[in-house]
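Text of work00.cif (mmCIF, C-alpha atoms) as supplied:
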data_input
#
loop_
_atom_site.label_atom_id
_atom_site.label_comp_id
_atom_site.auth_asym_id
_atom_site.auth_seq_id
_atom_site.Cartn_x
_atom_site.Cartn_y
_atom_site.Cartn_z
CA MET A 344 84.78 116.89 135.09
CA SER A 345 87.44 114.76 133.63
CA PHE A 346 88.65 117.42 131.18
CA GLU A 347 89.83 119.33 134.24
CA SER A 348 91.67 116.38 135.75
CA GLN A 349 93.33 115.69 132.39
CA GLU A 350 94.27 119.37 132.12
CA LYS A 351 95.78 119.33 135.62
CA SER A 352 97.89 116.23 134.87
CA LEU A 353 98.96 117.73 131.53
CA ARG A 354 100.14 120.96 133.16
CA GLU A 355 102.04 119.10 135.86
CA LEU A 356 103.74 116.84 133.34
CA CYS A 357 104.66 119.68 130.99
CA GLU A 358 105.97 121.87 133.82
CA SER A 359 108.30 119.10 134.97
CA LEU A 360 109.41 118.29 131.38
CA LEU A 361 110.32 121.95 130.82
CA ARG A 362 111.83 122.49 134.26
CA ASP A 363 114.04 119.39 133.95
CA GLY A 364 115.12 120.44 130.46
CA LYS A 365 113.80 117.22 128.90
CA VAL A 366 112.15 119.32 126.20
CA LYS A 367 112.68 122.88 125.04
CA SER A 368 109.07 123.53 124.16
CA VAL A 369 105.61 122.06 124.41
CA ALA A 370 103.02 122.37 121.67
CA GLY A 371 99.52 122.31 123.01
CA PHE A 372 96.36 124.34 123.32
CA GLY A 373 95.96 127.72 125.00
CA PRO A 374 93.09 129.18 127.00
CA GLN A 375 89.77 129.36 125.17
CA SER A 376 89.19 132.51 123.17
CA PRO A 377 86.37 134.60 124.66
CA ASP A 378 84.98 135.26 121.15
CA THR A 379 84.92 131.84 119.55
CA GLY A 380 85.43 129.51 122.50
CA LEU A 381 88.23 127.82 120.55
CA SER A 382 91.47 126.83 122.19
CA PRO A 383 94.17 128.15 119.88
CA PRO A 384 97.55 126.43 119.54
CA LEU A 385 100.04 127.41 122.23
CA ILE A 386 103.79 126.81 122.30
CA ALA A 387 105.03 126.84 125.90
CA LYS A 388 108.77 127.34 126.36
CA THR A 389 108.90 127.90 130.13
CA ALA A 390 107.46 126.02 133.06
CA GLY A 391 105.52 129.16 133.91
CA ASN A 392 103.93 129.24 130.52
CA ALA A 393 103.01 125.56 130.75
CA LYS A 394 100.42 126.62 133.35
CA ARG A 395 98.47 128.16 130.49
CA LEU A 396 98.12 124.88 128.60
CA SER A 397 94.47 123.93 128.33
CA TRP A 398 92.48 120.84 127.60
CA ASN A 399 88.78 121.03 126.83
CA SER A 400 86.26 120.07 124.18
CA ARG A 401 87.34 122.94 121.89
CA CYS A 402 90.97 121.90 121.30
CA VAL A 403 90.13 121.69 117.63
CA PRO A 404 93.21 122.68 115.57
CA SER A 405 95.74 120.19 114.27
CA ILE A 406 99.02 121.13 115.98
CA ALA A 407 101.53 118.55 114.74
CA ARG A 408 102.86 120.88 112.05
CA TYR A 409 104.14 123.32 114.70
CA LEU A 410 106.81 120.77 115.62
CA ILE A 411 108.46 120.91 112.19
CA GLY A 412 111.70 122.87 112.27
CA ARG A 413 111.54 123.42 116.03
CA ASP A 414 114.91 123.76 117.74
CA GLY A 415 115.61 120.90 120.16
CA PRO A 416 113.32 118.25 121.60
CA ALA A 417 109.68 119.20 121.93
CA ALA A 418 106.64 117.70 123.57
CA ILE A 419 103.15 117.77 122.14
CA ALA A 420 99.82 117.49 123.93
CA ALA A 421 98.39 115.29 121.22
CA LYS A 422 94.88 114.27 120.41
CA PRO A 423 94.95 110.81 118.76
CA CYS A 424 94.88 112.48 115.33
CA ASP A 425 97.80 114.74 116.30
CA ALA A 426 99.76 111.69 117.48
CA ARG A 427 99.06 109.99 114.15
CA ALA A 428 100.17 113.14 112.35
CA VAL A 429 103.43 113.17 114.33
CA ALA A 430 104.03 109.49 113.55
CA SER A 431 103.37 110.19 109.90
CA LEU A 432 105.78 113.15 109.92
CA VAL A 433 108.42 110.86 111.48
CA THR A 434 108.04 108.35 108.65
CA GLU A 435 108.41 111.23 106.20
CA ARG A 436 111.60 112.36 108.00
CA GLN A 437 110.18 115.75 108.85
CA LEU A 438 110.69 114.97 112.53
CA GLU A 439 113.06 112.73 114.46
CA ARG A 440 111.20 110.36 116.74
CA LYS A 441 113.69 110.97 119.57
CA ASP A 442 113.09 114.73 119.38
CA VAL A 443 109.37 114.46 119.99
CA PHE A 444 107.78 113.54 123.29
CA ILE A 445 104.20 112.63 122.50
CA ILE A 446 101.74 113.11 125.35
CA GLY A 447 98.74 111.11 124.24
CA MET A 448 95.59 112.77 125.50
CA GLU A 449 92.69 110.37 125.66
CA CYS A 450 90.10 112.07 123.49
CA ALA A 451 86.34 111.98 123.56
CA GLY A 452 86.09 114.00 120.36
CA MET A 453 86.01 117.75 119.93
CA THR A 454 82.87 119.84 119.50
CA ASP A 455 81.75 122.87 117.56
CA GLY A 456 80.48 126.08 119.18
CA SER A 457 77.07 124.57 119.91
CA GLY A 458 78.50 121.54 121.68
CA ALA A 459 77.75 119.09 118.86
CA PRO A 460 80.61 116.76 117.88
CA LEU A 461 82.64 117.84 114.85
CA ARG A 462 82.13 115.71 111.80
CA ALA A 463 85.62 114.17 111.77
CA CYS A 464 85.35 113.47 115.52
CA ALA A 465 81.93 111.86 115.13
CA GLU A 466 83.45 109.51 112.53
CA CYS A 467 86.56 108.79 114.57
CA GLY A 468 86.72 105.61 116.63
CA THR A 469 90.18 106.31 118.03
CA ARG A 470 90.14 107.50 121.64
CA ARG A 471 93.78 106.86 122.43
CA ALA A 472 96.96 107.76 120.60
CA PRO A 473 98.40 104.77 118.72
CA VAL A 474 101.92 106.15 119.28
CA CYS A 475 102.90 107.99 122.47
CA ASP A 476 105.53 108.38 125.21
CA ALA A 477 103.14 109.25 128.01
CA GLU A 478 99.40 109.03 128.23
CA ILE A 479 96.84 111.08 130.11
CA THR A 480 93.57 109.19 130.31
CA GLY A 481 90.24 110.00 131.82
CA ALA A 482 88.23 111.46 128.94
CA PRO A 483 84.46 111.21 129.27
CA GLU A 484 82.77 108.24 127.63
CA THR A 485 81.24 108.95 124.23
CA ALA A 486 79.76 106.82 121.52
CA ARG A 487 82.52 105.59 119.21
CA GLY A 488 81.88 106.53 115.64
CA THR A 489 82.57 104.99 112.29
CA ARG A 490 82.89 106.32 108.79
CA ASP A 491 79.74 106.39 106.68
CA ALA A 492 80.20 103.21 104.66
CA ALA A 493 77.64 104.22 102.06
CA GLU A 494 79.03 107.70 101.52
CA ASP A 495 78.12 109.41 98.28
CA PHE A 496 81.29 109.96 96.23
CA SER A 497 79.36 111.04 93.15
CA PRO A 498 80.48 113.68 90.62
CA GLU A 499 77.32 115.70 91.39
CA ARG A 500 78.37 116.01 94.98
CA PHE A 501 81.87 117.03 93.92
CA ARG A 502 80.42 119.75 91.71
CA ARG A 503 78.28 121.04 94.58
CA GLU A 504 81.28 121.24 96.89
CA MET A 505 83.40 122.94 94.21
CA ASP A 506 80.72 125.60 93.69
CA LYS A 507 81.19 126.67 97.31
CA CYS A 508 85.01 126.76 97.28
CA ILE A 509 86.62 130.21 96.96
CA LEU A 510 90.21 128.92 96.71
CA CYS A 511 91.36 130.65 99.89
CA PHE A 512 93.67 127.68 100.68
CA SER A 513 92.74 127.69 104.38
CA CYS A 514 92.43 123.91 104.23
CA ARG A 515 96.02 123.69 103.05
CA GLN A 516 97.26 126.01 105.80
CA ALA A 517 95.47 123.99 108.47
CA CYS A 518 96.66 120.57 107.29
CA TYR A 519 99.52 118.80 109.05
CA GLY A 520 100.55 117.17 105.76
CA CYS A 521 100.80 120.33 103.66
CA TYR A 522 104.30 121.36 104.67
CA CYS A 523 105.78 121.91 101.20
CA GLU A 524 107.90 125.08 101.11
CA THR A 525 106.15 126.05 97.88
CA CYS A 526 102.77 124.53 97.19
CA PHE A 527 102.16 123.49 93.58
CA MET A 528 99.27 125.97 93.55
CA ASP A 529 101.60 128.87 94.40
CA ARG A 530 104.18 128.01 91.80
CA GLY A 531 104.49 130.37 88.85
CA VAL A 532 106.68 128.30 86.55
CA PRO A 533 105.12 126.01 85.56
CA SER A 534 101.78 127.41 86.61
CA TRP A 535 99.32 124.65 87.47
CA GLN A 536 96.35 126.84 88.14
CA SER A 537 94.54 129.03 85.67
CA ALA A 538 94.45 132.78 86.19
CA ARG A 539 90.87 132.86 87.41
CA PRO A 540 89.24 130.86 90.17
CA ASP A 541 87.11 128.81 87.80
CA VAL A 542 85.99 125.23 88.07
CA GLY A 543 89.23 124.07 86.45
CA ALA A 544 91.42 125.77 89.06
CA LYS A 545 89.29 124.36 91.89
CA MET A 546 89.45 120.87 90.41
CA THR A 547 93.23 121.13 89.97
CA TYR A 548 93.63 122.20 93.57
CA HIS A 549 91.32 119.67 95.18
CA LEU A 550 92.45 116.75 93.01
CA GLY A 551 96.11 117.69 93.46
CA ARG A 552 95.75 118.02 97.21
CA ALA A 553 93.82 114.76 97.43
CA MET A 554 96.65 113.02 95.56
CA HIS A 555 99.20 114.52 97.94
CA LEU A 556 97.20 113.45 100.99
CA ALA A 557 96.32 109.99 99.68
CA GLY A 558 97.61 107.50 102.23
CA ARG A 559 98.78 110.35 104.50
CA CYS A 560 95.53 111.85 105.77
CA VAL A 561 95.03 111.18 109.49
CA GLU A 562 91.38 112.25 109.30
CA CYS A 563 91.71 115.04 111.87
CA GLY A 564 89.23 117.17 109.93
CA ALA A 565 91.31 120.35 110.28
CA CYS A 566 90.61 121.25 106.63
CA GLU A 567 86.83 121.05 106.92
CA ASN A 568 86.83 122.74 110.34
CA VAL A 569 88.60 125.86 109.05
CA CYS A 570 86.62 126.18 105.81
CA ALA A 571 84.76 129.49 105.80
CA SER A 572 82.53 128.46 102.89
CA GLY A 573 81.36 125.20 104.39
CA VAL A 574 83.08 123.03 101.78
CA ASP A 575 83.51 119.39 102.70
CA ALA A 576 87.21 119.86 101.98
CA ARG A 577 88.04 116.29 102.98
CA TYR A 578 85.61 114.71 100.53
CA LEU A 579 88.08 113.61 97.84
CA ILE A 580 90.79 112.86 100.39
CA ARG A 581 88.36 110.57 102.21
CA ALA A 582 87.70 108.73 98.94
CA ALA A 583 91.46 108.24 98.62
CA THR A 584 91.84 107.18 102.26
CA VAL A 585 89.10 104.56 101.92
CA PHE A 586 90.67 103.28 98.70
CA VAL A 587 94.17 103.05 100.20
CA GLU A 588 92.80 101.18 103.23
CA GLU A 589 90.94 98.69 101.09
CA GLU A 590 93.60 98.26 98.42
CA TYR A 591 96.83 98.40 100.44
CA GLY A 592 95.60 97.84 104.00
CA PHE A 593 97.30 101.01 105.21
CA ARG A 594 96.20 103.65 107.71
CA ALA A 595 98.45 106.68 108.09
CA GLY A 596 100.27 107.33 111.36
CA MET A 597 99.35 104.14 113.22
CA ASP A 598 103.05 103.61 113.94
CA ALA A 599 106.22 105.64 113.40
CA GLN A 600 108.00 103.12 111.14
CA THR A 601 105.75 102.04 108.24
CA PRO A 602 106.10 104.40 105.28
CA SER A 603 102.94 105.72 103.67
CA ALA A 604 101.23 103.44 101.15
CA LEU A 605 102.21 105.59 98.19
CA LEU A 606 105.86 105.81 99.23
CA THR A 607 106.31 102.09 98.95
CA PHE A 608 105.06 99.19 96.80
CA LYS A 609 104.69 95.46 96.50
CA SER A 610 105.71 93.58 93.38
CA ASP A 611 102.22 92.10 93.05
CA ASP A 612 100.13 95.21 93.70
CA PRO A 613 96.65 95.06 92.15
CA GLU A 614 96.26 97.00 88.91
CA THR A 615 92.77 98.29 89.51
CA GLY A 616 91.51 100.23 86.50
CA PHE A 617 94.52 99.47 84.28
CA TRP A 618 94.29 98.74 80.59
CA LYS A 619 94.33 95.01 79.97
CA ASP A 620 94.50 94.19 76.24
CA GLY A 621 91.39 95.85 74.95
CA LYS A 622 89.41 96.12 78.13
CA HIS A 623 89.52 97.44 81.65
CA ASP A 624 90.40 95.23 84.49
CA MET B 536 82.56 119.23 58.39
CA ASN B 537 85.43 116.96 59.17
CA GLU B 538 84.93 114.16 61.63
CA TRP B 539 85.78 115.21 65.22
CA THR B 540 89.04 113.78 66.43
CA PRO B 541 90.07 113.81 70.06
CA VAL B 542 93.32 115.15 71.49
CA ILE B 543 95.06 112.50 73.53
CA ALA B 544 98.16 113.22 75.59
CA ALA B 545 100.32 110.12 75.82
CA PHE B 546 103.05 110.09 78.47
CA LEU B 547 105.51 107.40 77.41
CA CYS B 548 108.54 106.23 79.30
CA ASN B 549 111.78 106.74 77.41
CA TRP B 550 113.09 103.21 77.90
CA CYS B 551 110.12 101.03 76.98
CA SER B 552 106.93 102.57 75.68
CA TYR B 553 108.55 105.40 73.70
CA ALA B 554 110.76 102.83 72.00
CA GLY B 555 107.67 100.67 71.53
CA ALA B 556 105.90 103.56 69.79
CA ASP B 557 108.99 104.07 67.67
CA LEU B 558 108.95 100.40 66.71
CA ALA B 559 105.28 100.66 65.83
CA GLY B 560 106.27 103.49 63.45
CA THR B 561 109.20 101.72 61.81
CA GLY B 562 107.10 98.57 61.57
CA ARG B 563 104.40 100.55 59.71
CA GLN B 564 101.81 99.75 62.34
CA GLN B 565 98.90 102.17 62.11
CA TYR B 566 97.88 104.10 65.19
CA PRO B 567 95.86 107.30 65.54
CA PRO B 568 97.73 110.47 64.49
CA TYR B 569 96.08 112.54 67.21
CA MET B 570 98.03 110.73 69.91
CA ARG B 571 100.30 113.55 71.22
CA ILE B 572 103.29 111.73 72.58
CA ILE B 573 105.24 113.28 75.47
CA ARG B 574 108.47 111.52 76.33
CA VAL B 575 109.24 111.18 80.04
CA PRO B 576 112.20 109.42 81.66
CA CYS B 577 110.00 106.97 83.55
CA SER B 578 106.32 106.38 84.28
CA GLY B 579 107.32 107.27 87.84
CA ARG B 580 108.14 110.77 86.56
CA VAL B 581 104.52 111.35 85.64
CA ASN B 582 103.23 113.61 88.36
CA PRO B 583 99.48 113.03 88.77
CA ILE B 584 99.08 116.78 88.36
CA PHE B 585 100.32 116.43 84.74
CA ILE B 586 97.30 114.25 84.05
CA ILE B 587 94.87 116.45 85.96
CA LYS B 588 96.18 119.57 84.22
CA ALA B 589 95.99 117.95 80.77
CA LEU B 590 92.35 117.00 81.31
CA ILE B 591 91.36 120.36 82.75
CA ASP B 592 93.10 122.27 79.98
CA GLY B 593 91.12 120.40 77.37
CA ALA B 594 92.83 117.13 76.46
CA ASP B 595 90.09 114.62 75.64
CA GLY B 596 92.09 111.71 76.93
CA VAL B 597 95.34 110.82 78.64
CA MET B 598 97.38 107.67 78.28
CA VAL B 599 100.36 106.76 80.43
CA SER B 600 102.56 103.86 79.54
CA GLY B 601 105.76 102.56 81.08
CA CYS B 602 107.90 99.46 81.33
CA HIS B 603 106.27 96.26 82.54
CA PRO B 604 106.54 95.82 86.32
CA GLY B 605 109.95 94.38 87.03
CA ASP B 606 111.53 95.86 83.90
CA CYS B 607 111.93 99.46 85.04
CA HIS B 608 115.18 101.09 83.91
CA TYR B 609 115.30 102.76 87.33
CA LEU B 610 114.39 99.47 89.05
CA ALA B 611 111.13 100.49 90.68
CA GLY B 612 109.80 103.74 89.19
CA ASN B 613 106.84 102.03 87.60
CA MET B 614 106.01 100.24 90.87
CA TYR B 615 105.50 103.55 92.66
CA ALA B 616 103.61 104.83 89.61
CA ARG B 617 101.27 101.85 89.70
CA ARG B 618 99.96 102.72 93.16
CA ARG B 619 99.75 106.41 92.33
CA PHE B 620 97.76 105.77 89.15
CA ALA B 621 95.35 103.40 90.87
CA VAL B 622 94.55 106.09 93.46
CA LEU B 623 94.34 108.82 90.81
CA LYS B 624 91.90 106.84 88.72
CA LYS B 625 89.70 106.33 91.76
CA LEU B 626 89.77 110.07 92.53
CA LEU B 627 89.04 111.10 88.95
CA SER B 628 85.86 109.09 88.87
CA SER B 629 84.76 110.70 92.16
CA ALA B 630 85.50 114.09 90.64
CA GLY B 631 83.31 113.46 87.62
CA ILE B 632 86.00 112.65 85.07
CA ASP B 633 84.99 109.56 83.13
CA PRO B 634 87.46 106.75 83.90
CA ASP B 635 87.55 105.94 80.19
CA ARG B 636 89.40 109.20 79.51
CA VAL B 637 92.49 108.06 81.41
CA HIS B 638 94.37 104.89 80.63
CA PHE B 639 97.42 103.28 82.18
CA THR B 640 99.26 100.41 80.61
CA TRP B 641 102.65 98.75 80.19
CA VAL B 642 104.31 98.43 76.76
CA SER B 643 107.87 97.17 76.35
CA ALA B 644 110.37 98.31 73.69
CA SER B 645 109.74 95.16 71.64
CA GLU B 646 105.95 95.46 71.62
CA GLY B 647 105.43 97.77 68.63
CA ALA B 648 102.33 95.93 67.50
CA ARG B 649 100.92 95.97 71.00
CA PHE B 650 101.55 99.71 71.31
CA ALA B 651 99.58 100.34 68.12
CA GLU B 652 96.79 98.11 69.35
CA VAL B 653 96.58 99.80 72.76
CA ALA B 654 96.73 103.26 71.14
CA ARG B 655 93.84 102.36 68.84
CA GLY B 656 91.86 100.96 71.76
CA VAL B 657 92.45 104.06 73.89
CA ALA B 658 91.50 106.31 70.96
CA ASN B 659 88.25 104.42 70.41
CA ALA B 660 87.38 104.57 74.10
CA VAL B 661 88.00 108.33 74.20
CA LYS B 662 86.21 108.96 70.90
CA ALA B 663 83.13 107.23 72.21
CA LEU B 664 82.97 109.76 75.08
CA GLY B 665 83.02 112.82 72.82
CA PRO B 666 84.74 116.14 73.52
CA ASN B 667 86.00 116.89 77.00
CA ARG B 668 83.72 119.33 78.86
CA ILE B 669 85.22 118.75 82.29
CA ALA B 670 86.06 122.37 83.09
CA GLY B 671 82.89 123.71 81.50
CA GLY B 672 84.27 123.29 78.01
CA ASP B 673 85.40 126.93 77.86
CA SER B 674 89.14 126.36 78.08
CA GLN B 675 91.16 125.29 75.09
#

Translate the structure of the given file into structure tokens.
Amino acid sequence: MSFESQEKSLRELCESLLRDGKVKSVAGFGPQSPDTGLSPPLIAKTAGNAKRLSWNSRCVPSIARYLIGRDGPAAIAAKPCDARAVASLVTERQLERKDVFIIGMECAGMTDGSGAPLRACAECGTRRAPVCDAEITGAPETARGTRDAAEDFSPERFRREMDKCILCFSCRQACYGCYCETCFMDRGVPSWQSARPDVGAKMTYHLGRAMHLAGRCVECGACENVCASGVDARYLIRAATVFVEEEYGFRAGMDAQTPSALLTFKSDDPETGFWKDGKHD
Amino acid sequence: MNEWTPVIAAFLCNWCSYAGADLAGTGRQQYPPYMRIIRVPCSGRVNPIFIIKALIDGADGVMVSGCHPGDCHYLAGNMYARRRFAVLKKLLSSAGIDPDRVHFTWVSASEGARFAEVARGVANAVKALGPNRIAGGDSQ
């Protein structure tokens, strides 16, 4: 099995990186949990601990956020989406490129407990990290996916998804991009959310988060994977991602230099939906 | 019964559109009295959450107006705002908020007549949609 050969190479590389003092820690995935089968995030700080790093089809979580605020250079065993997240964090000055050693793991897509590909992975056509310092290839061949071009972004669907949401904010906690010290939803003054978890509070949260992730989402699917209520938590964000790609030709995290589409502008940007003397454009 | 009038929150930039609204007033240009004007330093100061919150808390419409592209007092605030608003408008329609409730435009300090005209146009567009029932219509 090629997962095993990738895992062996990963352990060897990380052990030498830690032993030689090239990095102070490695963010990766630990041994699979006997209950869920998931590989939880693991931060290895010694060569001995690097032996516990794992690589399998259940390395589901997004781990880029564990690099933020880490002392000294760190390596990351990155799925392509993690590598994109790191690149995106570099453009946002949350990380210094020189402090992160990206080990790009060739990725065949992660699976759920039953072995079926996760939704985000089924849509993802990226097997190899667009930005990396070392690469470990050898993932099994799988069909490359694409996004559903005719996806339903209707208000009815939004309402259905909102009915399921219980405002637990797991999606925020799992997201690489939600690193604000105080989320707007947790702020008391001014308070953006109403006192009860009604439709208004859910809309505020999901619209606000979609705005914050517009042009920054790396489509790792961490938000939808952690949702306990089965909400398609990426639904609005995906609408924004598609729009930003079409309108500004930008995909987040494809390199570590280009700032996100909403952090920059062109003088002749299209004014889609703007008021133009009595009528809409 | 009086005729129903909408509540429209208008975020106007201090340097252009707010002065334009002022000029509309001193020039005796008529525009709807239910335009609730909120002065902001720049259209780039308008956090999309302001707009979302206004709509969810019962505003029937929102209008945002700033300096024309290239004329920003802070050089590029309206350029960042332009991208942000385009994305927001797209998201609002996916979330079931009628795009005609939210309007973005540029009005300079010398365009008093144009401000009145845009304000009337926005008011008519919002009026045609009726009261805002986005959050179930139970919040006021």

Residues in the PyMOL selection byres ((chain A and resi 598-602) around 8), expressed as a ChimeraX atom specification: /A:427,430-431,433-435,440,473-474,596-597,603-604,606-607

Selection to disk with C-alpha atoms, as an mmCIF file, keeping the file's coordinate frame:
data_model
loop_
_atom_site.group_PDB
_atom_site.id
_atom_site.type_symbol
_atom_site.label_atom_id
_atom_site.label_comp_id
_atom_site.auth_asym_id
_atom_site.auth_seq_id
_atom_site.Cartn_x
_atom_site.Cartn_y
_atom_site.Cartn_z
ATOM 1 C CA ARG A 427 99.060 109.990 114.150
ATOM 2 C CA ALA A 430 104.030 109.490 113.550
ATOM 3 C CA SER A 431 103.370 110.190 109.900
ATOM 4 C CA VAL A 433 108.420 110.860 111.480
ATOM 5 C CA THR A 434 108.040 108.350 108.650
ATOM 6 C CA GLU A 435 108.410 111.230 106.200
ATOM 7 C CA ARG A 440 111.200 110.360 116.740
ATOM 8 C CA PRO A 473 98.400 104.770 118.720
ATOM 9 C CA VAL A 474 101.920 106.150 119.280
ATOM 10 C CA GLY A 596 100.270 107.330 111.360
ATOM 11 C CA MET A 597 99.350 104.140 113.220
ATOM 12 C CA SER A 603 102.940 105.720 103.670
ATOM 13 C CA ALA A 604 101.230 103.440 101.150
ATOM 14 C CA LEU A 606 105.860 105.810 99.230
ATOM 15 C CA THR A 607 106.310 102.090 98.950
#

Close residues, range 597-611 of chain B itself excluded, 7 Å, all atoms listed in the file, min 4 positions apart in chain, as a JSON list (two decimals) with C-alpha atoms, keeping the file's coordinate frame:
[["chain", "number", "residue", "atom", "x", "y", "z"],
["B", 543, "ILE", "CA", 95.06, 112.50, 73.53],
["B", 544, "ALA", "CA", 98.16, 113.22, 75.59],
["B", 545, "ALA", "CA", 100.32, 110.12, 75.82],
["B", 546, "PHE", "CA", 103.05, 110.09, 78.47],
["B", 547, "LEU", "CA", 105.51, 107.40, 77.41],
["B", 548, "CYS", "CA", 108.54, 106.23, 79.30],
["B", 550, "TRP", "CA", 113.09, 103.21, 77.90],
["B", 551, "CYS", "CA", 110.12, 101.03, 76.98],
["B", 552, "SER", "CA", 106.93, 102.57, 75.68],
["B", 577, "CYS", "CA", 110.00, 106.97, 83.55],
["B", 578, "SER", "CA", 106.32, 106.38, 84.28],
["B", 586, "ILE", "CA", 97.30, 114.25, 84.05],
["B", 615, "TYR", "CA", 105.50, 103.55, 92.66],
["B", 636, "ARG", "CA", 89.40, 109.20, 79.51],
["B", 637, "VAL", "CA", 92.49, 108.06, 81.41],
["B", 638, "HIS", "CA", 94.37, 104.89, 80.63],
["B", 639, "PHE", "CA", 97.42, 103.28, 82.18],
["B", 640, "THR", "CA", 99.26, 100.41, 80.61],
["B", 641, "TRP", "CA", 102.65, 98.75, 80.19],
["B", 642, "VAL", "CA", 104.31, 98.43, 76.76],
["B", 643, "SER", "CA", 107.87, 97.17, 76.35]]

Selection: 7 Å around Cys475 in chain A, only C-alpha atoms, excl. self and same-chain fewer than 2 positions, as an NGL selection string: :A and (426 or 445-447 or 472-473 or 477-478)

Result set of the PyMOL selection byres ((chain B) within 8 of (chain A)) on the coordinates above, as a PyMOL selection string: chain B and resi 583-584+587-588+591-592+604-605+614-615+617-619+621-632+638-640+653+656+669-671

Who sits within 8 Å of range 377-390 of chain A, only C-alpha atoms, same chain under 2 positions skipped, as a ChimeraX atom specification: /A:357-359,361-362,367-375,392-394,396-397,399,401-404,406,456

Interatomic distance (Å, one decimal) between CA of Val585 in chain A and CA of Cys511 in chain A: 26.3 Å

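We find CA of Glu466 in chain A and CA of Ala420 in chain A to be spaced 21.5 Å apart.
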
Best match for closeness to Cys508 in chain A among A:Ala571, A:Ile411, A:Ala493, A:Val429, counting only C-alpha atoms: A:Ala571

Result set of the PyMOL selection byres ((chain B and resi 540) around 10) on the coordinates above, as an MDAnalysis selection string: chainID B and resid 537:539 541:543 567:569 595 658 661:662 665:666

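Summary of the local environment: counting all atoms listed in the file, residues at most 6 Å from Gly488 in chain A, other than itself and those fewer than 5 positions away along its chain, are Ala465, Glu466, Cys467 and Gly468 of chain A.
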
Residue nearest Ala651 in chain B - candidates B:Gly612, B:Ala663, B:Gln564, B:Tyr553, atoms counted: all atoms listed in the file: B:Gln564

Nearby residues (all atoms listed in the file) at most 10 Å from Ile479 in chain A, same-chain spacing under 3 positions excluded, as a VMD selection string: chain A and resid 348 to 353 356 420 to 421 446 to 450 471 482

d(CA of Asp476 in chain A, CA of Val443 in chain A) in Å: 8.9 Å

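Checking B:Ala589, B:Leu664, B:Val581, B:Ala559 one by one against Asp635 in chain B, counting only C-alpha atoms, you find the shortest gap at B:Leu664.
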
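The shortest atom-to-atom distance to Cys566 in chain A, with only C-alpha atoms taken into account, belongs to A:Cys521 out of A:Ala407, A:Cys521, A:Ala418, A:Met528.
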
Using only C-alpha atoms, find all polymer residues with an atom at most 9 Å away from the point (87.6, 107.6, 131.2); report them as an mmCIF file with C-alpha atoms, in the frame of the given file.
data_model
loop_
_atom_site.group_PDB
_atom_site.id
_atom_site.type_symbol
_atom_site.label_atom_id
_atom_site.label_comp_id
_atom_site.auth_asym_id
_atom_site.auth_seq_id
_atom_site.Cartn_x
_atom_site.Cartn_y
_atom_site.Cartn_z
ATOM 1 C CA SER A 345 87.440 114.760 133.630
ATOM 2 C CA GLU A 449 92.690 110.370 125.660
ATOM 3 C CA ALA A 451 86.340 111.980 123.560
ATOM 4 C CA THR A 480 93.570 109.190 130.310
ATOM 5 C CA GLY A 481 90.240 110.000 131.820
ATOM 6 C CA ALA A 482 88.230 111.460 128.940
ATOM 7 C CA PRO A 483 84.460 111.210 129.270
ATOM 8 C CA GLU A 484 82.770 108.240 127.630
#
